[in-house]
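Next comes my_file21.cif, with mmCIF, N, CA and C atoms and all ligand atoms.
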```cif
data_input
loop_
_atom_site.label_atom_id
_atom_site.label_comp_id
_atom_site.auth_asym_id
_atom_site.auth_seq_id
_atom_site.Cartn_x
_atom_site.Cartn_y
_atom_site.Cartn_z
N MET D 727 11.96 -45.81 2.24
CA MET D 727 11.06 -45.25 3.27
C MET D 727 11.64 -43.95 3.86
N LYS D 728 12.97 -44.01 4.14
CA LYS D 728 13.64 -42.81 4.68
C LYS D 728 13.49 -41.64 3.70
N PHE D 729 13.62 -41.97 2.44
CA PHE D 729 13.51 -40.95 1.39
C PHE D 729 12.13 -40.30 1.41
N LEU D 730 11.10 -41.13 1.57
CA LEU D 730 9.73 -40.60 1.61
C LEU D 730 9.52 -39.68 2.80
N VAL D 731 10.02 -40.09 3.96
CA VAL D 731 9.89 -39.26 5.17
C VAL D 731 10.59 -37.93 4.95
N TYR D 732 11.77 -37.99 4.36
CA TYR D 732 12.52 -36.76 4.08
C TYR D 732 11.73 -35.85 3.15
N ASN D 733 11.16 -36.45 2.11
CA ASN D 733 10.37 -35.67 1.16
C ASN D 733 9.17 -34.99 1.84
N TYR D 734 8.49 -35.73 2.68
CA TYR D 734 7.35 -35.17 3.39
C TYR D 734 7.79 -34.02 4.30
N ALA D 735 8.94 -34.21 4.94
CA ALA D 735 9.44 -33.18 5.84
C ALA D 735 9.76 -31.90 5.07
N VAL D 736 10.36 -32.05 3.90
CA VAL D 736 10.71 -30.89 3.08
C VAL D 736 9.44 -30.16 2.64
N TRP D 737 8.46 -30.94 2.16
CA TRP D 737 7.21 -30.31 1.72
C TRP D 737 6.47 -29.64 2.87
N TYR D 738 6.53 -30.26 4.03
CA TYR D 738 5.90 -29.69 5.22
C TYR D 738 6.49 -28.31 5.51
N ILE D 739 7.82 -28.23 5.48
CA ILE D 739 8.49 -26.96 5.76
C ILE D 739 8.14 -25.91 4.70
N ILE D 740 8.14 -26.35 3.43
CA ILE D 740 7.82 -25.40 2.35
C ILE D 740 6.41 -24.84 2.53
N ILE D 741 5.46 -25.71 2.82
CA ILE D 741 4.07 -25.27 2.95
C ILE D 741 3.88 -24.39 4.18
N ILE D 742 4.48 -24.79 5.30
CA ILE D 742 4.36 -23.99 6.52
C ILE D 742 4.96 -22.61 6.31
N ARG D 743 6.12 -22.57 5.66
CA ARG D 743 6.77 -21.27 5.44
C ARG D 743 5.96 -20.40 4.50
N ALA D 744 5.33 -21.04 3.51
CA ALA D 744 4.54 -20.27 2.54
C ALA D 744 3.36 -19.59 3.21
N PHE D 745 2.74 -20.29 4.16
CA PHE D 745 1.55 -19.73 4.81
C PHE D 745 1.87 -18.92 6.05
N ALA D 746 2.95 -19.25 6.72
CA ALA D 746 3.24 -18.59 7.99
C ALA D 746 4.18 -17.40 7.83
N HIS D 747 4.80 -17.28 6.66
CA HIS D 747 5.76 -16.20 6.50
C HIS D 747 5.07 -14.85 6.65
N PRO D 748 5.52 -14.01 7.56
CA PRO D 748 4.85 -12.71 7.74
C PRO D 748 5.06 -11.81 6.53
N MET D 749 3.95 -11.40 5.94
CA MET D 749 4.05 -10.54 4.77
C MET D 749 4.24 -9.10 5.22
N ASN D 750 5.00 -8.36 4.46
CA ASN D 750 5.14 -6.95 4.82
C ASN D 750 3.94 -6.17 4.29
N LYS D 751 3.85 -4.90 4.66
CA LYS D 751 2.69 -4.08 4.33
C LYS D 751 2.41 -4.02 2.83
N GLU D 752 3.49 -3.89 2.05
CA GLU D 752 3.30 -3.74 0.61
C GLU D 752 2.75 -5.01 -0.02
N GLU D 753 3.03 -6.18 0.58
CA GLU D 753 2.51 -7.41 0.03
C GLU D 753 1.06 -7.62 0.43
N GLN D 754 0.65 -7.01 1.55
CA GLN D 754 -0.70 -7.23 2.04
C GLN D 754 -1.73 -6.45 1.22
N ASN D 755 -1.46 -5.21 0.93
CA ASN D 755 -2.40 -4.43 0.14
C ASN D 755 -1.66 -3.35 -0.64
N MET D 756 -2.35 -2.89 -1.64
CA MET D 756 -1.75 -1.87 -2.48
C MET D 756 -1.89 -0.52 -1.81
N ALA D 757 -1.10 0.43 -2.22
CA ALA D 757 -1.21 1.79 -1.73
C ALA D 757 -1.56 2.69 -2.91
N TYR D 758 -2.14 3.86 -2.60
CA TYR D 758 -2.37 4.84 -3.64
C TYR D 758 -1.09 5.66 -3.84
N VAL D 759 -0.93 6.18 -5.02
CA VAL D 759 0.19 7.09 -5.29
C VAL D 759 -0.37 8.37 -5.89
N ILE D 760 0.29 9.48 -5.64
CA ILE D 760 -0.16 10.76 -6.20
C ILE D 760 0.68 11.07 -7.43
N THR D 761 -0.03 11.26 -8.52
CA THR D 761 0.66 11.48 -9.80
C THR D 761 1.04 12.96 -9.95
N ASP D 762 1.70 13.26 -11.06
CA ASP D 762 2.15 14.64 -11.32
C ASP D 762 0.99 15.60 -11.58
N ALA D 763 -0.24 15.08 -11.67
CA ALA D 763 -1.40 15.97 -11.86
C ALA D 763 -1.69 16.79 -10.61
N CYS D 764 -1.11 16.43 -9.50
CA CYS D 764 -1.34 17.12 -8.22
C CYS D 764 -0.97 18.61 -8.31
N ILE D 765 -1.87 19.45 -7.79
CA ILE D 765 -1.61 20.89 -7.78
C ILE D 765 -1.33 21.40 -6.35
N SER D 766 -1.08 20.45 -5.45
CA SER D 766 -0.71 20.78 -4.06
C SER D 766 -1.76 21.62 -3.34
N CYS D 767 -3.03 21.27 -3.54
CA CYS D 767 -4.08 22.02 -2.84
C CYS D 767 -4.19 21.60 -1.38
N GLY D 768 -3.78 20.37 -1.08
CA GLY D 768 -3.78 19.90 0.30
C GLY D 768 -5.08 19.28 0.77
N ALA D 769 -6.10 19.26 -0.09
CA ALA D 769 -7.40 18.74 0.32
C ALA D 769 -7.34 17.27 0.75
N CYS D 770 -6.56 16.49 0.07
CA CYS D 770 -6.51 15.05 0.37
C CYS D 770 -5.85 14.79 1.73
N ALA D 771 -4.82 15.54 2.04
CA ALA D 771 -4.09 15.31 3.28
C ALA D 771 -5.00 15.47 4.49
N ALA D 772 -5.91 16.43 4.40
CA ALA D 772 -6.81 16.70 5.52
C ALA D 772 -7.83 15.58 5.73
N GLU D 773 -8.12 14.83 4.68
CA GLU D 773 -9.16 13.80 4.76
C GLU D 773 -8.63 12.37 4.87
N CYS D 774 -7.33 12.21 4.83
CA CYS D 774 -6.77 10.85 4.93
C CYS D 774 -6.94 10.35 6.37
N PRO D 775 -7.59 9.21 6.57
CA PRO D 775 -7.88 8.74 7.93
C PRO D 775 -6.64 8.29 8.70
N VAL D 776 -5.56 8.04 7.99
CA VAL D 776 -4.36 7.54 8.68
C VAL D 776 -3.17 8.50 8.55
N GLU D 777 -3.46 9.71 8.09
CA GLU D 777 -2.43 10.74 7.94
C GLU D 777 -1.23 10.24 7.12
N ALA D 778 -1.57 9.60 6.00
CA ALA D 778 -0.51 9.04 5.15
C ALA D 778 -0.01 10.04 4.11
N ILE D 779 -0.72 11.18 3.99
CA ILE D 779 -0.39 12.13 2.93
C ILE D 779 0.31 13.36 3.50
N SER D 780 1.39 13.73 2.85
CA SER D 780 2.12 14.92 3.30
C SER D 780 2.61 15.70 2.09
N GLU D 781 2.98 16.93 2.34
CA GLU D 781 3.45 17.78 1.25
C GLU D 781 4.86 17.35 0.86
N GLY D 782 5.03 17.14 -0.43
CA GLY D 782 6.34 16.76 -0.92
C GLY D 782 6.95 17.84 -1.78
N ASP D 783 7.87 17.44 -2.60
CA ASP D 783 8.57 18.39 -3.46
C ASP D 783 7.77 18.62 -4.74
N GLY D 784 6.98 19.66 -4.76
CA GLY D 784 6.18 19.99 -5.94
C GLY D 784 4.83 19.31 -6.00
N LYS D 785 4.59 18.35 -5.16
CA LYS D 785 3.29 17.69 -5.10
C LYS D 785 3.17 16.98 -3.76
N TYR D 786 1.95 16.55 -3.45
CA TYR D 786 1.76 15.79 -2.21
C TYR D 786 2.16 14.33 -2.44
N VAL D 787 2.54 13.68 -1.36
CA VAL D 787 2.99 12.29 -1.50
C VAL D 787 2.28 11.41 -0.46
N ILE D 788 2.16 10.14 -0.78
CA ILE D 788 1.52 9.17 0.10
C ILE D 788 2.57 8.21 0.63
N ASP D 789 2.53 8.00 1.93
CA ASP D 789 3.44 7.03 2.56
C ASP D 789 2.82 5.64 2.38
N PRO D 790 3.42 4.77 1.56
CA PRO D 790 2.82 3.46 1.29
C PRO D 790 2.75 2.58 2.53
N GLU D 791 3.57 2.87 3.52
CA GLU D 791 3.53 2.08 4.76
C GLU D 791 2.30 2.40 5.60
N LYS D 792 1.76 3.61 5.43
CA LYS D 792 0.59 4.01 6.21
C LYS D 792 -0.72 3.83 5.46
N CYS D 793 -0.70 4.00 4.15
CA CYS D 793 -1.92 3.99 3.35
C CYS D 793 -2.68 2.67 3.52
N ILE D 794 -3.99 2.79 3.78
CA ILE D 794 -4.83 1.60 3.94
C ILE D 794 -5.72 1.39 2.72
N ASP D 795 -5.43 2.13 1.64
CA ASP D 795 -6.09 1.87 0.37
C ASP D 795 -7.60 2.17 0.41
N CYS D 796 -7.99 3.19 1.18
CA CYS D 796 -9.42 3.47 1.33
C CYS D 796 -9.99 4.23 0.13
N GLY D 797 -9.15 4.97 -0.58
CA GLY D 797 -9.61 5.68 -1.77
C GLY D 797 -10.19 7.06 -1.51
N ASN D 798 -10.23 7.51 -0.26
CA ASN D 798 -10.76 8.84 0.06
C ASN D 798 -10.09 9.93 -0.76
N CYS D 799 -8.79 9.87 -0.82
CA CYS D 799 -8.04 10.92 -1.51
C CYS D 799 -8.41 10.98 -2.99
N ALA D 800 -8.55 9.81 -3.59
CA ALA D 800 -8.89 9.77 -5.01
C ALA D 800 -10.29 10.34 -5.24
N GLY D 801 -11.19 10.12 -4.28
CA GLY D 801 -12.57 10.57 -4.43
C GLY D 801 -12.74 12.07 -4.32
N LEU D 802 -11.84 12.72 -3.60
CA LEU D 802 -12.04 14.17 -3.40
C LEU D 802 -11.05 15.06 -4.15
N CYS D 803 -10.06 14.46 -4.75
CA CYS D 803 -9.06 15.28 -5.45
C CYS D 803 -9.65 15.91 -6.71
N PRO D 804 -9.53 17.23 -6.85
CA PRO D 804 -10.09 17.90 -8.03
C PRO D 804 -9.36 17.55 -9.33
N MET D 805 -8.17 17.01 -9.19
CA MET D 805 -7.36 16.70 -10.37
C MET D 805 -7.30 15.20 -10.69
N GLY D 806 -7.87 14.40 -9.82
CA GLY D 806 -7.78 12.96 -10.04
C GLY D 806 -6.35 12.45 -9.92
N ALA D 807 -5.58 13.14 -9.10
CA ALA D 807 -4.15 12.80 -9.02
C ALA D 807 -3.85 11.48 -8.28
N PRO D 808 -4.53 11.17 -7.18
CA PRO D 808 -4.22 9.90 -6.51
C PRO D 808 -4.75 8.72 -7.34
N GLN D 809 -3.90 7.79 -7.55
CA GLN D 809 -4.28 6.61 -8.34
C GLN D 809 -3.84 5.34 -7.62
N PRO D 810 -4.62 4.26 -7.76
CA PRO D 810 -4.17 3.00 -7.16
C PRO D 810 -2.86 2.58 -7.81
N GLU D 811 -1.96 2.08 -7.00
CA GLU D 811 -0.64 1.71 -7.51
C GLU D 811 -0.74 0.55 -8.48
S1 LIG F 901 -6.28 16.74 -3.41
FE1 LIG F 901 -5.26 16.20 -5.35
S2 LIG F 901 -4.36 18.11 -6.08
FE2 LIG F 901 -4.87 18.43 -3.90
S3 LIG F 901 -2.96 17.91 -2.81
FE3 LIG F 901 -4.20 16.04 -2.90
S4 LIG F 901 -3.49 14.97 -4.75
FE4 LIG F 901 -2.77 17.07 -4.89
S1 LIG F 902 -6.15 5.82 -0.07
FE1 LIG F 902 -6.98 6.45 1.95
S2 LIG F 902 -5.37 5.86 3.39
FE2 LIG F 902 -4.42 5.89 1.38
S3 LIG F 902 -3.57 7.93 1.17
FE3 LIG F 902 -5.62 7.98 0.24
S4 LIG F 902 -6.98 8.69 1.90
FE4 LIG F 902 -5.04 8.02 2.87
#
```

Reformat the file's structure so that it appears as structure tokens.
Ligand code: SF4
Ligand code: SF4
Amino acid sequence: MKFLVYNYAVWYIIIIRAFAHPMNKEEQNMAYVITDACISCGACAAECPVEAISEGDGKYVIDPEKCIDCGNCAGLCPMGAPQPE
């Protein structure tokens, strides 16, 4: 009987932790990434609703912590550079 109670307790903890564990941003949703096709026109940065896009080294870059995966940047980029991760 003690063994059964112990088993239930272990499973209870496993299940609670699985559902209650706070997921980080990257686990919650995907972010877009800007590929090497970017020509640094800057059009996407101006239209990102959360200001996740900034000028990087040779191309624009998306901050995955800010990106809400709306797809605006992909829709307006003349080069099709932003892609879902
Ligand atoms: S709109 Fe496209 S080409 Fe222009 S900066 Fe953004 S990703 Fe680069
Ligand atoms: S997908 Fe939306 S939130 Fe993410 S970088 Fe593009 S415009 Fe910004």

Using all atoms listed in the file, find each residue with an atom at most 7 Å away from ligand LIG 901 (chain F) and format the answer as a ChimeraX atom specification. /D:760-761,763-771,785-786,799,802-808

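For the pair atom N of Asp762 in chain D and atom N of Pro775 in chain D, the interatomic distance is 20.3 Å.
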
Please provide as a list in words all residues within 6.5 Å of Ala757 in chain D, with the sequence filter that same-chain residues fewer than 2 positions apart are discarded (counting all atoms listed in the file). Asn755, Val759, Pro790, Cys793, Ile794, Asp795, Gln809, Pro810 and Glu811 of chain D

When the cut-off is 6 Å and you count all atoms listed in the file, which residues lie near ligand LIG 902 (chain F), shown as an mmCIF file with N, CA and C atoms, in the frame of the given file?
```
data_model
loop_
_atom_site.group_PDB
_atom_site.id
_atom_site.type_symbol
_atom_site.label_atom_id
_atom_site.label_comp_id
_atom_site.auth_asym_id
_atom_site.auth_seq_id
_atom_site.Cartn_x
_atom_site.Cartn_y
_atom_site.Cartn_z
ATOM 1 N N TYR D 758 -2.140 3.860 -2.600
ATOM 2 C CA TYR D 758 -2.370 4.840 -3.640
ATOM 3 C C TYR D 758 -1.090 5.660 -3.840
ATOM 4 N N GLU D 773 -8.120 14.830 4.680
ATOM 5 C CA GLU D 773 -9.160 13.800 4.760
ATOM 6 C C GLU D 773 -8.630 12.370 4.870
ATOM 7 N N CYS D 774 -7.330 12.210 4.830
ATOM 8 C CA CYS D 774 -6.770 10.850 4.930
ATOM 9 C C CYS D 774 -6.940 10.350 6.370
ATOM 10 N N PRO D 775 -7.590 9.210 6.570
ATOM 11 C CA PRO D 775 -7.880 8.740 7.930
ATOM 12 C C PRO D 775 -6.640 8.290 8.700
ATOM 13 N N VAL D 776 -5.560 8.040 7.990
ATOM 14 C CA VAL D 776 -4.360 7.540 8.680
ATOM 15 C C VAL D 776 -3.170 8.500 8.550
ATOM 16 N N GLU D 777 -3.460 9.710 8.090
ATOM 17 C CA GLU D 777 -2.430 10.740 7.940
ATOM 18 C C GLU D 777 -1.230 10.240 7.120
ATOM 19 N N ALA D 778 -1.570 9.600 6.000
ATOM 20 C CA ALA D 778 -0.510 9.040 5.150
ATOM 21 C C ALA D 778 -0.010 10.040 4.110
ATOM 22 N N ILE D 779 -0.720 11.180 3.990
ATOM 23 C CA ILE D 779 -0.390 12.130 2.930
ATOM 24 C C ILE D 779 0.310 13.360 3.500
ATOM 25 N N ILE D 788 2.160 10.140 -0.780
ATOM 26 C CA ILE D 788 1.520 9.170 0.100
ATOM 27 C C ILE D 788 2.570 8.210 0.630
ATOM 28 N N LYS D 792 1.760 3.610 5.430
ATOM 29 C CA LYS D 792 0.590 4.010 6.210
ATOM 30 C C LYS D 792 -0.720 3.830 5.460
ATOM 31 N N CYS D 793 -0.700 4.000 4.150
ATOM 32 C CA CYS D 793 -1.920 3.990 3.350
ATOM 33 C C CYS D 793 -2.680 2.670 3.520
ATOM 34 N N ILE D 794 -3.990 2.790 3.780
ATOM 35 C CA ILE D 794 -4.830 1.600 3.940
ATOM 36 C C ILE D 794 -5.720 1.390 2.720
ATOM 37 N N ASP D 795 -5.430 2.130 1.640
ATOM 38 C CA ASP D 795 -6.090 1.870 0.370
ATOM 39 C C ASP D 795 -7.600 2.170 0.410
ATOM 40 N N CYS D 796 -7.990 3.190 1.180
ATOM 41 C CA CYS D 796 -9.420 3.470 1.330
ATOM 42 C C CYS D 796 -9.990 4.230 0.130
ATOM 43 N N GLY D 797 -9.150 4.970 -0.580
ATOM 44 C CA GLY D 797 -9.610 5.680 -1.770
ATOM 45 C C GLY D 797 -10.190 7.060 -1.510
ATOM 46 N N ASN D 798 -10.230 7.510 -0.260
ATOM 47 C CA ASN D 798 -10.760 8.840 0.060
ATOM 48 C C ASN D 798 -10.090 9.930 -0.760
ATOM 49 N N CYS D 799 -8.790 9.870 -0.820
ATOM 50 C CA CYS D 799 -8.040 10.920 -1.510
ATOM 51 C C CYS D 799 -8.410 10.980 -2.990
ATOM 52 N N ALA D 800 -8.550 9.810 -3.590
ATOM 53 C CA ALA D 800 -8.890 9.770 -5.010
ATOM 54 C C ALA D 800 -10.290 10.340 -5.240
#
```

Residues flagged strand (DSSP E or B) by DSSP in range 745-807 of chain D, as a VMD selection string: chain D and resid 758 to 760 779 to 781 786 to 788

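Taking CA of Gly801 in chain D as the reference point, atom C of Glu781 in chain D is found at 19.4 Å.
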
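In this structure, CA of Ala772 in chain D sits 20.8 Å away from CA of Met756 in chain D.
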
Where's the centre, and what are the edge lengths in Å to one decimal, of a box along x, y and z enclosing all listed atoms of range 779-790 of chain D padded 4 Å per side, as lines of an AutoDock Vina configuration file?
```
center_x = 3.9
center_y = 11.3
center_z = -1.0
size_x = 17.3
size_y = 25.4
size_z = 18.0
```
